[in-house]
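Asker: Just so it is clear, I am handing over model-v5.txt, which has compact mmCIF, C-alpha atoms and all ligand atoms.
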# COMPACT_ATOMS: atom_id res chain seq x y z
CA MET A 1 52.84 8.27 35.05
CA ASN A 2 55.17 5.80 33.44
CA LEU A 3 58.24 4.29 35.04
CA SER A 4 60.84 6.38 33.23
CA SER A 5 59.19 9.67 34.24
CA LYS A 6 59.09 8.56 37.84
CA ILE A 7 62.77 7.62 37.67
CA LEU A 8 63.62 11.07 36.31
CA GLU A 9 61.73 12.57 39.24
CA GLY A 10 63.93 10.57 41.60
CA ASP A 11 61.11 8.49 43.05
CA ALA A 12 62.80 5.95 45.33
CA ARG A 13 60.23 3.18 44.92
CA SER A 14 60.44 3.41 41.16
CA ILE A 15 64.23 3.33 41.30
CA ALA A 16 64.10 0.17 43.41
CA ARG A 17 61.53 -1.35 41.08
CA LEU A 18 63.53 -0.66 37.93
CA ILE A 19 66.68 -2.09 39.50
CA THR A 20 64.81 -5.29 40.28
CA LEU A 21 63.46 -5.44 36.72
CA VAL A 22 66.98 -4.93 35.39
CA GLU A 23 68.34 -7.69 37.60
CA ASN A 24 65.67 -10.00 36.23
CA ASP A 25 66.40 -9.06 32.61
CA SER A 26 62.85 -7.96 32.10
CA PRO A 27 61.82 -6.47 28.72
CA GLU A 28 60.18 -3.54 30.51
CA ALA A 29 63.57 -2.73 32.05
CA ILE A 30 65.19 -2.51 28.63
CA GLU A 31 62.47 -0.18 27.35
CA THR A 32 62.94 2.10 30.34
CA MET A 33 66.74 1.99 30.12
CA LYS A 34 66.47 3.14 26.51
CA LYS A 35 64.39 6.13 27.54
CA ILE A 36 66.53 7.33 30.41
CA HIS A 37 69.97 7.18 28.81
CA LYS A 38 69.81 10.69 27.39
CA HIS A 39 69.23 12.01 30.91
CA THR A 40 72.43 10.51 32.29
CA GLY A 41 76.02 11.64 32.52
CA LYS A 42 75.76 14.15 35.32
CA ALA A 43 76.57 11.97 38.34
CA HIS A 44 80.15 11.58 39.44
CA VAL A 45 80.86 7.89 39.93
CA ILE A 46 83.25 6.92 42.71
CA GLY A 47 84.53 3.35 42.87
CA VAL A 48 85.75 2.07 46.22
CA THR A 49 87.80 -1.09 46.28
CA GLY A 50 90.49 -2.67 48.44
CA VAL A 51 91.01 -5.26 51.11
CA MET A 52 88.06 -6.97 52.70
CA GLY A 53 87.33 -5.56 56.14
CA GLY A 54 89.36 -2.46 55.33
CA GLY A 55 86.47 -0.19 56.17
CA LYS A 56 85.13 0.52 52.70
CA SER A 57 81.47 0.46 53.73
CA SER A 58 82.24 2.55 56.80
CA LEU A 59 84.11 5.11 54.70
CA ILE A 60 81.32 5.28 52.15
CA PHE A 61 78.89 5.93 54.95
CA GLU A 62 81.07 8.81 56.20
CA LEU A 63 81.38 10.24 52.68
CA ALA A 64 77.65 9.97 52.10
CA TYR A 65 76.98 11.76 55.36
CA LYS A 66 79.26 14.65 54.34
CA TYR A 67 77.82 14.87 50.83
CA ARG A 68 74.36 15.15 52.33
CA LYS A 69 75.54 18.08 54.43
CA GLN A 70 76.34 19.76 51.11
CA ASP A 71 72.87 18.88 49.92
CA LYS A 72 74.17 16.47 47.30
CA LYS A 73 72.12 13.40 46.50
CA VAL A 74 74.01 10.15 46.93
CA GLY A 75 73.46 6.71 45.43
CA ILE A 76 75.34 3.77 46.91
CA ILE A 77 75.77 0.40 45.22
CA ALA A 78 77.37 -2.19 47.48
CA ILE A 79 78.65 -5.23 45.65
CA ASP A 80 79.82 -6.93 48.76
CA PRO A 81 78.01 -9.95 50.09
CA THR A 82 79.89 -9.88 53.38
CA SER A 83 78.85 -6.55 54.74
CA PRO A 84 75.78 -5.20 53.06
CA PHE A 85 74.61 -1.80 54.14
CA SER A 86 71.18 -3.13 54.81
CA GLY A 87 72.50 -5.27 57.64
CA GLY A 88 73.53 -2.18 59.53
CA ALA A 89 76.17 -4.34 61.16
CA PHE A 90 78.93 -1.88 60.67
CA LEU A 91 80.28 0.65 62.96
CA GLY A 92 79.60 3.93 63.87
CA ASP A 93 77.26 6.25 65.01
CA ARG A 94 73.83 4.69 65.17
CA ILE A 95 72.13 8.06 65.17
CA ARG A 96 73.89 9.13 62.00
CA MET A 97 73.13 5.76 60.47
CA MET A 98 69.44 6.21 61.22
CA GLU A 99 69.56 9.72 59.87
CA LEU A 100 71.05 8.50 56.62
CA SER A 101 68.74 5.55 56.15
CA SER A 102 65.63 7.68 56.54
CA ASP A 103 67.00 10.39 54.25
CA ASP A 104 65.40 10.38 50.80
CA GLY A 105 68.50 12.06 49.35
CA VAL A 106 70.29 8.76 49.75
CA PHE A 107 69.59 5.57 47.85
CA ILE A 108 71.36 2.37 48.92
CA ARG A 109 71.32 -0.91 47.05
CA SER A 110 73.24 -4.14 47.65
CA MET A 111 73.95 -6.48 44.77
CA GLY A 112 75.59 -9.87 44.36
CA THR A 113 78.66 -10.66 42.29
CA ARG A 114 78.63 -12.75 39.15
CA GLY A 115 79.45 -16.21 40.34
CA MET A 116 82.67 -17.39 41.84
CA LEU A 117 84.93 -15.98 39.18
CA GLY A 118 84.17 -12.52 40.39
CA GLY A 119 83.53 -9.72 38.00
CA LEU A 120 80.80 -7.20 38.35
CA THR A 121 77.38 -8.29 37.28
CA SER A 122 76.41 -6.52 34.10
CA SER A 123 73.45 -4.89 35.79
CA VAL A 124 75.83 -2.64 37.73
CA TYR A 125 76.15 -0.49 34.60
CA ASP A 126 72.38 -0.18 34.47
CA VAL A 127 72.10 0.63 38.15
CA VAL A 128 74.66 3.42 37.77
CA GLU A 129 72.65 4.81 34.85
CA ILE A 130 69.40 4.58 36.80
CA LEU A 131 70.80 6.44 39.82
CA ASP A 132 72.36 9.01 37.53
CA ALA A 133 69.10 9.61 35.66
CA ALA A 134 67.30 9.81 39.00
CA GLY A 135 69.34 12.87 39.85
CA MET A 136 72.04 11.53 42.17
CA ASP A 137 75.00 13.90 42.21
CA VAL A 138 77.34 11.19 43.40
CA VAL A 139 77.13 7.44 42.85
CA ILE A 140 79.46 5.35 45.00
CA VAL A 141 80.15 1.73 44.03
CA GLU A 142 81.76 -0.58 46.59
CA THR A 143 83.43 -3.78 45.41
CA VAL A 144 85.38 -6.47 47.19
CA GLY A 145 88.93 -6.24 46.00
CA VAL A 146 89.32 -9.69 44.52
CA GLY A 147 89.68 -11.03 41.01
CA GLN A 148 88.08 -9.14 38.19
CA ASP A 149 86.07 -6.76 40.32
CA GLN A 150 88.88 -4.34 40.90
CA VAL A 151 89.66 -4.21 37.20
CA ASP A 152 86.02 -3.83 36.23
CA ILE A 153 85.41 -1.04 38.70
CA VAL A 154 87.83 1.24 36.82
CA LYS A 155 85.64 0.99 33.77
CA ILE A 156 82.61 2.19 35.68
CA ALA A 157 84.12 4.75 38.04
CA ASP A 158 85.30 8.26 37.24
CA THR A 159 87.36 8.24 40.43
CA THR A 160 88.68 5.01 41.95
CA LEU A 161 89.61 4.87 45.63
CA VAL A 162 91.85 2.03 46.76
CA VAL A 163 91.51 1.40 50.49
CA LEU A 164 94.39 -0.13 52.45
CA VAL A 165 94.89 -0.48 56.18
CA PRO A 166 97.86 -0.67 58.52
CA GLY A 167 98.95 -3.94 60.03
CA LEU A 168 98.36 -6.18 57.06
CA GLY A 169 102.06 -6.92 56.88
CA ASP A 170 101.79 -7.52 53.23
CA SER A 171 100.19 -4.37 52.00
CA ILE A 172 102.71 -4.11 49.22
CA GLN A 173 101.63 -7.50 47.93
CA THR A 174 98.09 -6.22 47.76
CA ILE A 175 99.25 -3.21 45.87
CA LYS A 176 101.26 -5.28 43.45
CA ALA A 177 98.29 -7.52 42.81
CA GLY A 178 96.86 -4.92 40.49
CA LEU A 179 95.51 -2.31 42.83
CA MET A 180 98.42 0.00 42.18
CA GLU A 181 97.48 0.57 38.60
CA ILE A 182 93.88 1.46 39.20
CA ALA A 183 94.04 3.93 42.10
CA ASP A 184 93.21 7.57 41.47
CA ILE A 185 93.46 8.10 45.22
CA PHE A 186 94.93 5.84 47.89
CA VAL A 187 93.13 5.77 51.21
CA VAL A 188 94.88 4.40 54.26
CA ASN A 189 91.95 3.78 56.56
CA LYS A 190 92.05 2.75 60.24
CA ALA A 191 94.57 5.52 60.78
CA ASP A 192 93.60 5.33 64.44
CA ARG A 193 95.72 2.19 64.56
CA PRO A 194 99.52 1.92 64.67
CA GLY A 195 101.51 1.39 61.49
CA VAL A 196 99.84 4.00 59.30
CA GLU A 197 103.02 5.83 58.37
CA GLN A 198 104.63 2.59 57.30
CA VAL A 199 101.84 1.85 54.83
CA VAL A 200 102.02 5.42 53.52
CA ALA A 201 105.78 5.07 53.05
CA GLU A 202 105.34 1.76 51.24
CA ILE A 203 102.80 3.25 48.86
CA GLU A 204 105.00 6.27 48.28
CA SER A 205 108.02 4.23 47.37
CA MET A 206 105.90 2.12 45.01
CA LEU A 207 104.60 5.30 43.40
CA ASP A 208 108.14 6.61 43.01
CA ILE A 209 109.25 3.65 40.98
CA SER A 210 106.22 2.55 39.05
CA ARG A 211 104.02 5.46 38.16
CA LYS A 212 104.80 7.39 35.06
CA SER A 213 101.67 9.51 34.89
CA GLU A 214 102.04 13.27 35.25
CA ARG A 215 99.52 13.24 38.05
CA ARG A 216 100.86 12.31 41.46
CA ILE A 217 98.46 9.87 43.13
CA PRO A 218 97.49 11.33 46.51
CA ILE A 219 97.46 9.27 49.69
CA VAL A 220 94.85 10.19 52.28
CA LYS A 221 94.83 8.91 55.87
CA THR A 222 91.37 8.35 57.29
CA SER A 223 89.65 6.89 60.28
CA ALA A 224 86.08 6.03 59.45
CA LYS A 225 85.69 5.05 63.07
CA GLU A 226 86.61 8.51 64.33
CA SER A 227 85.27 10.39 61.28
CA LYS A 228 88.73 11.74 60.60
CA GLY A 229 90.27 12.58 57.25
CA ILE A 230 86.92 12.47 55.45
CA THR A 231 86.99 16.15 54.52
CA GLU A 232 90.53 15.70 53.16
CA LEU A 233 89.34 12.70 51.17
CA MET A 234 86.49 14.74 49.69
CA ASP A 235 88.95 17.50 48.80
CA GLU A 236 91.09 14.99 46.92
CA ILE A 237 88.04 13.61 45.12
CA ASN A 238 87.11 17.15 44.08
CA LYS A 239 90.66 17.80 42.89
CA HIS A 240 90.50 14.63 40.84
CA ILE A 241 87.22 15.75 39.28
CA GLU A 242 88.91 19.06 38.37
CA TYR A 243 91.85 17.18 36.88
CA LEU A 244 89.52 14.98 34.81
CA LYS A 245 87.53 17.93 33.54
CA ASN A 246 90.62 19.94 32.63
CA SER A 247 92.18 17.10 30.71
CA LYS A 248 90.92 14.84 27.98
CA VAL A 249 90.89 11.95 30.44
CA PHE A 250 87.28 12.45 31.44
CA GLU A 251 85.94 11.91 27.93
CA SER A 252 88.09 8.89 27.26
CA GLN A 253 87.17 7.30 30.59
CA ARG A 254 83.49 7.74 29.95
CA ARG A 255 83.95 6.20 26.52
CA LYS A 256 85.57 3.21 28.19
CA ARG A 257 82.56 2.80 30.44
CA TYR A 258 80.17 2.83 27.51
CA GLU A 259 82.41 0.47 25.57
CA ALA A 260 82.36 -1.96 28.50
CA GLU A 261 78.62 -1.59 28.86
CA LEU A 262 77.92 -2.14 25.18
CA THR A 263 80.24 -5.16 25.11
CA GLU A 264 78.44 -6.56 28.11
CA ILE A 265 74.98 -6.13 26.57
CA ILE A 266 76.08 -7.77 23.32
CA ARG A 267 77.78 -10.61 25.19
CA LYS A 268 74.70 -11.22 27.27
CA ARG A 269 72.35 -11.16 24.29
CA LEU A 270 74.56 -13.42 22.20
CA MET A 271 74.88 -15.92 25.01
CA SER A 272 71.17 -16.04 25.65
CA PHE A 273 70.48 -16.30 21.92
CA VAL A 274 72.89 -19.18 21.47
CA PHE A 275 72.14 -21.09 24.62
CA GLU A 276 68.50 -20.33 25.32
CA GLU A 277 66.98 -20.13 21.85
CA SER A 278 65.31 -23.51 21.59
CA LYS A 279 66.08 -24.24 17.91
CA LEU A 280 69.78 -23.59 18.38
CA LYS A 281 69.88 -25.44 21.65
CA GLY A 282 68.84 -28.69 20.00
CA ARG A 283 71.45 -28.16 17.32
CA ILE A 284 74.13 -27.49 19.93
CA ASP A 285 73.27 -30.73 21.71
CA SER A 286 73.72 -32.71 18.50
CA LEU A 287 76.97 -30.88 17.70
CA ILE A 288 78.28 -31.84 21.13
CA ASP A 289 77.39 -35.46 20.34
CA GLN A 290 79.40 -35.28 17.14
CA ILE A 291 82.34 -33.68 18.92
CA SER A 292 82.29 -36.48 21.50
CA LYS A 293 82.27 -39.09 18.73
CA LYS A 294 85.16 -37.30 17.00
CA LYS A 295 83.02 -36.71 13.93
CA LEU A 296 83.47 -32.99 14.37
CA ASP A 297 85.93 -30.70 16.10
CA PRO A 298 84.80 -27.91 18.47
CA TYR A 299 86.04 -25.11 16.20
CA SER A 300 84.01 -26.28 13.23
CA ALA A 301 81.01 -26.66 15.50
CA ALA A 302 81.47 -23.06 16.70
CA ASP A 303 81.75 -21.92 13.06
CA GLU A 304 78.43 -23.51 12.34
CA ILE A 305 76.65 -21.92 15.30
CA LEU A 306 78.11 -18.47 14.66
CA GLY A 307 77.35 -18.83 10.97
CA LYS A 308 73.67 -19.10 11.86
CA ILE A 309 73.83 -15.85 13.81
CA LEU A 310 76.11 -13.83 11.58
CA LYS A 311 74.59 -14.62 8.24
N1 LIG B 1 89.72 0.88 64.11
C1 LIG B 1 89.02 1.12 63.03
N2 LIG B 1 88.12 0.20 62.61
C2 LIG B 1 87.41 0.47 61.49
C3 LIG B 1 87.59 1.66 60.75
N3 LIG B 1 86.78 1.61 59.67
C4 LIG B 1 86.11 0.44 59.74
N4 LIG B 1 86.48 -0.25 60.83
C5 LIG B 1 86.00 -1.58 61.26
O1 LIG B 1 86.47 -2.54 60.34
C6 LIG B 1 85.48 -3.55 60.11
C7 LIG B 1 85.16 -3.66 58.64
O2 LIG B 1 84.51 -2.48 58.22
P1 LIG B 1 83.66 -2.44 56.87
O3 LIG B 1 83.30 -1.00 56.65
O4 LIG B 1 82.57 -3.42 56.90
O5 LIG B 1 84.80 -2.90 55.83
P2 LIG B 1 84.64 -3.38 54.32
O6 LIG B 1 84.62 -4.88 54.31
O7 LIG B 1 85.89 -2.88 53.64
O8 LIG B 1 83.42 -2.77 53.77
C8 LIG B 1 84.27 -3.17 60.95
O9 LIG B 1 84.30 -3.90 62.13
C9 LIG B 1 84.49 -1.71 61.22
O10 LIG B 1 83.92 -1.36 62.44
C10 LIG B 1 88.55 2.61 61.23
O11 LIG B 1 88.78 3.68 60.66
N5 LIG B 1 89.22 2.28 62.38
MG MG B 2 81.78 -3.50 52.85
Hey, can you dump this file as structure tokens for me?

Answerer:
Amino acid sequence: MNLSSKILEGDARSIARLITLVENDSPEAIETMKKIHKHTGKAHVIGVTGVMGGGKSSLIFELAYKYRKQDKKVGIIAIDPTSPFSGGAFLGDRIRMMELSSDDGVFIRSMGTRGMLGGLTSSVYDVVEILDAAGMDVVIVETVGVGQDQVDIVKIADTTLVVLVPGLGDSIQTIKAGLMEIADIFVVNKADRPGVEQVVAEIESMLDISRKSERRIPIVKTSAKESKGITELMDEINKHIEYLKNSKVFESQRRKRYEAELTEIIRKRLMSFVFEESKLKGRIDSLIDQISKKKLDPYSAADEILGKILK
């Protein structure tokens, strides 16, 4: 049986294999991605972002555990080099952890970020599509809340959770730094610690002044450590799904994801064409020489290179 059929059957080894092929930009990956696209679109994609150490991985684990109790298949993509799921270094209930890691209704994959500038690696789009085609009901993507990642995650996710914790002092700063705009649901995790109500009040007053949308952004208090508030969080996620489906927002969000994905594929192909194609590469080197010697300016050089592609 070929790779795409195995993916559609949800075969875990084939999923892992295709993800690796995708990460290595293999031609076989592209062929398979082309075949599976028409089988995607069913999974609900949840993005989880927020402060580092806020308990995102722990919360995702709790959510996954609950989704499994409802017999839903869960894919998890952790773009977080500091606390990968595979390390098993995070809290909780070891027995549950074991249960989840041996459960074939759960697929977990850790991925790196794209260099120091942040930003999700373009293969995240592919991995979401793969898990979707493989029959996952829910795909959860965890990102570290720095730089571009938090902006990018909105393009991929149907529902974006922003995780904050008490005792940061400066939680409002974090919110102002762009997280406010992207949250579909705020999660105040580590609610077993003091200071929770203060964070909730801060978020609420921010919402009062800045949010114009007709939908009030809910704030859910959770403790991943004590498995508290997870059911409430799932209820809010379900309400958000309802809201998306009953409004035009769902369609336009999905279009944004595909727009971002298409842009990414074109960008990647153009870059590799310009900088890896050997004929052009030699030409680029000589153009750089001319620019250095002031015989040519960089814009005219770019015109020449693009002219070769866009003829
Ligand atoms: N007290 C408390 N600690 C938590 C809670 N959730 C996570 N932690 C701890 O916070 C640390 C970071 O958790 P992790 O899930 O790796 O956070 P991430 O970096 O956001 O993914 C770990 O030591 C967890 O044990 C919680 O609800 N309460
Ligand atoms: Mg984490």

Asker: Name the residues in contact with Ile140 of chain A at a cut-off of 12 Å, using only C-alpha atoms, excluding same-chain residues fewer than 5 positions from it; report them as a count of residues only.

Answerer: 41

Asker: Quick one: residues within 7 Å of ligand LIG 1 (chain B), with all atoms listed in the file, as a list in words?

Answerer: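 If we count all atoms listed in the file, the neighbours of ligand LIG 1 (chain B) turn out to be Gly50, Val51, Met52, Gly53, Gly54, Gly55, Lys56, Ser57, Ser58, Leu59, Thr82, Ser83, Phe90, Leu91, Gly92, Asn189, Lys190, Ala191, Asp192, Arg193, Thr222, Ser223, Ala224, Lys225 and Glu226 of chain A.
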
Asker: Rounded to one decimal, what separation in Å do you get between atom CA of Glu142 of chain A and atom CA of Ser272 of chain A?

Answerer: 28.1 Å

Asker: Distance atom CA of Thr121 of chain A-atom MG of ligand MG 2 (chain B), one decimal place?

Answerer: 16.9 Å

Asker: To one decimal place, how far is atom CA of Arg215 of chain A from atom CA of Glu232 of chain A in Å?

Answerer: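 Those two atoms sit 17.8 Å apart.
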
Asker: Just the residues within 9 Å of Ile305 of chain A, please, counting all atoms listed in the file, with nothing from its chain fewer than 6 positions along; format it as a list in words.

Answerer: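 Here the answer would be Val274, Leu280, Arg283 and Ile284 of chain A.
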
Asker: Considering all atoms listed in the file, return as an mmCIF file with C-alpha atoms, in the coordinates of the input whatever protein or nucleic-acid residues lie within 9 Å of segment 207-209 of chain A, sequence-local ones (same chain, fewer than 6 positions apart) excluded.

Answerer:
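Here's the written file out.cif:
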data_model
loop_
_atom_site.group_PDB
_atom_site.id
_atom_site.type_symbol
_atom_site.label_atom_id
_atom_site.label_comp_id
_atom_site.auth_asym_id
_atom_site.auth_seq_id
_atom_site.Cartn_x
_atom_site.Cartn_y
_atom_site.Cartn_z
ATOM 1 C CA MET A 180 98.420 0.000 42.180
ATOM 2 C CA ARG A 216 100.860 12.310 41.460
ATOM 3 C CA ILE A 217 98.460 9.870 43.130
#

Asker: Which one of A:Gly167, A:Leu244, A:Val141, A:Glu264 sits closest to ligand MG 2 (chain B) if you count all atoms listed in the file?

Answerer: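 Using all atoms listed in the file, the shortest distance to ligand MG 2 (chain B) belongs to A:Val141.
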
Asker: Could you tell me which of A:Ala12, A:Ala134, A:Ile30, A:Ile265 comes closest to Asp103 of chain A if we count all atoms listed in the file?

Answerer: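 Checking each candidate against Asp103 of chain A, we get A:Ala12 as the closest.
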